[in-house]
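In what follows, a structure is listed as structure tokens, so that the remarks can point back to it.
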Amino acid sequence: MSDLLSLAITTTLVLYALAMVIALARLFRGPSAQDRVLAMDFIYVVGMLVMLALAIRYDSEMYFEGALLMVLFGFVSSVALAKFLLRGEVI
Amino acid sequence: MPALSEILVAALLLASGVIVLVAALGLWRLPDFFLRMHAPALASTLAAWLITFASIIHFSTRGAGLALHVWLIIIVLSITAPVTTIVLARAALFRRRQAGDPLPPPMQSRS
């Protein structure tokens, strides 16, 4: 791995972390419950992108399974929370 | 001098990072919930596509053949992201109607 790629991956991870912190601020601030659900869904997606960047960083294909699982868990949890907001019960 | 593929991968990664940051700023700064719903779509479409291309290029230039399995993430994401958005938007509309808050104006019908 060259210096250029390593530097680019570090910068990208810092940008992702910054985005996650901003979304976390939105999650804490609200103001409504659906804002918090939206911010959590966004944090899940950015976490998936972090996994993909780490796959390039460590040159390993094992991270793809993790990223795929993260997409699926994020989907299930967001839909469950939205359903809870809609009716007050999940199923 | 790094190889051309590494320059390409680095550029795609940086573009993806900047776009995710723009999406987060949109999530923070837009004034209304229904406006805020637009911002995270940037992360789950364009940024995910860019980093997918980056990892396809990176893993395909290692000499082990074309590595297209990252595409699976894009496929799953493009199925699940609209479902999440629609369910969340309907929940928000329902809650606003229940609370008596002002709703967004209805769509204009074009004749």
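Residues in the structure tokens are numbered from 1 in each chain, the chains being A, B, ... in the order shown, and ligands are numbered from 1 in the order shown.
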
Give me the residues within 12 Å of Tyr16 in chain A as a PDB file with C-alpha atoms, in the first residue's frame, counting only C-alpha atoms and dropping any in the same chain fewer than 4 places off.
```pdb
ATOM      1  CA  ILE A   9      -8.069   6.242   3.579  1.00  0.00           C
ATOM      2  CA  THR A  10      -7.149   8.047   6.794  1.00  0.00           C
ATOM      3  CA  THR A  11      -8.684  11.287   5.521  1.00  0.00           C
ATOM      4  CA  THR A  12     -11.828   9.477   4.418  1.00  0.00           C
ATOM      5  CA  MET A  20     -21.118  10.525  12.409  1.00  0.00           C
ATOM      6  CA  VAL A  21     -20.499  13.085  15.148  1.00  0.00           C
ATOM      7  CA  ILE A  22     -22.767  15.607  13.406  1.00  0.00           C
ATOM      8  CA  ALA A  23     -25.470  12.965  13.029  1.00  0.00           C
ATOM      9  CA  PHE A  42     -27.774   7.602   8.770  1.00  0.00           C
ATOM     10  CA  ILE A  43     -25.222   6.520  11.369  1.00  0.00           C
ATOM     11  CA  TYR A  44     -25.819   2.890  10.359  1.00  0.00           C
ATOM     12  CA  VAL A  45     -25.177   3.711   6.693  1.00  0.00           C
ATOM     13  CA  VAL A  46     -21.988   5.613   7.523  1.00  0.00           C
ATOM     14  CA  GLY A  47     -20.838   2.706   9.684  1.00  0.00           C
ATOM     15  CA  MET A  48     -21.292   0.452   6.680  1.00  0.00           C
ATOM     16  CA  LEU A  49     -19.162   2.823   4.605  1.00  0.00           C
ATOM     17  CA  VAL A  50     -16.499   2.750   7.332  1.00  0.00           C
ATOM     18  CA  MET A  51     -16.436  -1.043   7.062  1.00  0.00           C
ATOM     19  CA  LEU A  52     -15.876  -0.811   3.298  1.00  0.00           C
ATOM     20  CA  ALA A  53     -13.057   1.695   3.779  1.00  0.00           C
ATOM     21  CA  LEU A  54     -11.457  -0.620   6.349  1.00  0.00           C
TER      22      LEU A  54
ATOM     23  CA  LEU B  13     -12.593   7.447  -1.468  1.00  0.00           C
ATOM     24  CA  LEU B  14     -12.093  11.158  -0.868  1.00  0.00           C
ATOM     25  CA  ALA B  15     -15.143  12.038  -2.960  1.00  0.00           C
ATOM     26  CA  SER B  16     -17.201   9.576  -0.936  1.00  0.00           C
ATOM     27  CA  GLY B  17     -16.002  11.087   2.335  1.00  0.00           C
ATOM     28  CA  VAL B  18     -16.821  14.633   1.232  1.00  0.00           C
ATOM     29  CA  ILE B  19     -20.296  13.594   0.089  1.00  0.00           C
ATOM     30  CA  VAL B  20     -21.028  11.881   3.406  1.00  0.00           C
ATOM     31  CA  LEU B  21     -19.950  15.044   5.201  1.00  0.00           C
ATOM     32  CA  VAL B  22     -22.286  17.110   3.008  1.00  0.00           C
ATOM     33  CA  ALA B  23     -25.122  14.718   3.853  1.00  0.00           C
ATOM     34  CA  ALA B  24     -24.426  15.063   7.572  1.00  0.00           C
ATOM     35  CA  LEU B  25     -24.351  18.857   7.310  1.00  0.00           C
ATOM     36  CA  ALA B  43     -24.933   8.874   1.730  1.00  0.00           C
ATOM     37  CA  ALA B  47     -21.311   7.802  -1.453  1.00  0.00           C
TER      38      ALA B  47
END
```

Write out, as a tab-separated table, each residue of chain B that has an atom at most 7 Å from chain A, together with the closest pair of atoms and their distance in Å to one decimal, counting only C-alpha atoms, rows going by chain and rising number.
```
residue	atom	partner	partner_atom	distance
B:Pro2	CA	A:Ser2	CA	6.6
B:Glu6	CA	A:Leu5	CA	6.3
B:Ala10	CA	A:Ala8	CA	5.3
B:Leu13	CA	A:Thr12	CA	6.3
B:Leu14	CA	A:Thr12	CA	5.6
B:Gly17	CA	A:Thr12	CA	4.9
B:Val18	CA	A:Leu15	CA	6.8
B:Val20	CA	A:Ala19	CA	6.5
B:Leu21	CA	A:Ala19	CA	4.9
B:Ala24	CA	A:Ala19	CA	5.1
B:Leu27	CA	A:Ala23	CA	6.9
B:Trp28	CA	A:Arg26	CA	6.1
B:Phe33	CA	A:Asp35	CA	6.6
B:Pro40	CA	A:Phe42	CA	5.9
B:Ser44	CA	A:Val45	CA	6.4
B:Ala48	CA	A:Leu49	CA	6.7
B:Ser55	CA	A:Ile56	CA	6.3
B:Val70	CA	A:Phe64	CA	6.9
B:Ile73	CA	A:Leu68	CA	5.8
B:Leu77	CA	A:Val71	CA	6.7
B:Thr80	CA	A:Phe75	CA	6.2
B:Thr84	CA	A:Val79	CA	5.7
B:Val87	CA	A:Ala82	CA	6.3
B:Leu88	CA	A:Ala82	CA	5.3
B:Ala91	CA	A:Leu86	CA	4.7
B:Ala92	CA	A:Gln34	CA	6.3
B:Phe94	CA	A:Leu86	CA	6.7
```

Residue selection dump (C-alpha atoms) as a compact mmCIF listing (two decimals), in the first residue's frame:
```txt
# COMPACT_ATOMS: atom_id res chain seq x y z
CA PRO B 2 1.85 5.38 -7.24
CA GLU B 6 -4.29 3.75 -6.60
CA ALA B 10 -7.88 7.49 -3.49
CA LEU B 13 -12.59 7.45 -1.47
CA LEU B 14 -12.09 11.16 -0.87
CA GLY B 17 -16.00 11.09 2.33
CA VAL B 18 -16.82 14.63 1.23
CA VAL B 20 -21.03 11.88 3.41
CA LEU B 21 -19.95 15.04 5.20
CA ALA B 24 -24.43 15.06 7.57
CA LEU B 27 -29.05 16.54 8.31
CA TRP B 28 -27.91 19.15 10.81
CA PHE B 33 -38.04 17.06 9.17
CA PRO B 40 -29.15 10.95 4.15
CA SER B 44 -26.86 5.72 0.86
CA ALA B 48 -22.02 4.07 -1.36
CA SER B 55 -13.17 -1.30 -3.66
CA VAL B 70 -19.18 -5.72 -3.35
CA ILE B 73 -24.16 -4.31 -0.89
CA LEU B 77 -28.99 -0.96 -0.10
CA THR B 80 -33.87 -1.29 1.60
CA THR B 84 -37.06 2.84 5.20
CA VAL B 87 -42.15 4.02 6.23
CA LEU B 88 -40.46 6.82 8.16
CA ALA B 91 -44.86 7.67 10.43
CA ALA B 92 -43.87 11.34 10.54
CA PHE B 94 -49.16 10.31 11.01
```

Polymer residues at most 12 Å from Pro104 in chain B, only C-alpha atoms, same-chain spacing of 2 or more positions, as a list in words
Asp32, Phe33, Phe34, Leu35, Ala89, Ala92, Leu93, Arg96, Arg97, Asp101, Pro102, Pro106, Met107 and Gln108 of chain B

Name the closest residue to Leu46 in chain B among the candidates B:His69, B:Ser60, B:Thr85, B:Ser78; distances are taken between atoms, counting only C-alpha atoms.
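Smallest distance to Leu46 in chain B is found for B:Ser78.
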
Suppose you want the space between CA of Gly26 in chain B and CA of Leu42 in chain B; what is it in Å?
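Taking CA of Gly26 in chain B and CA of Leu42 in chain B, their separation equals 9.6 Å.
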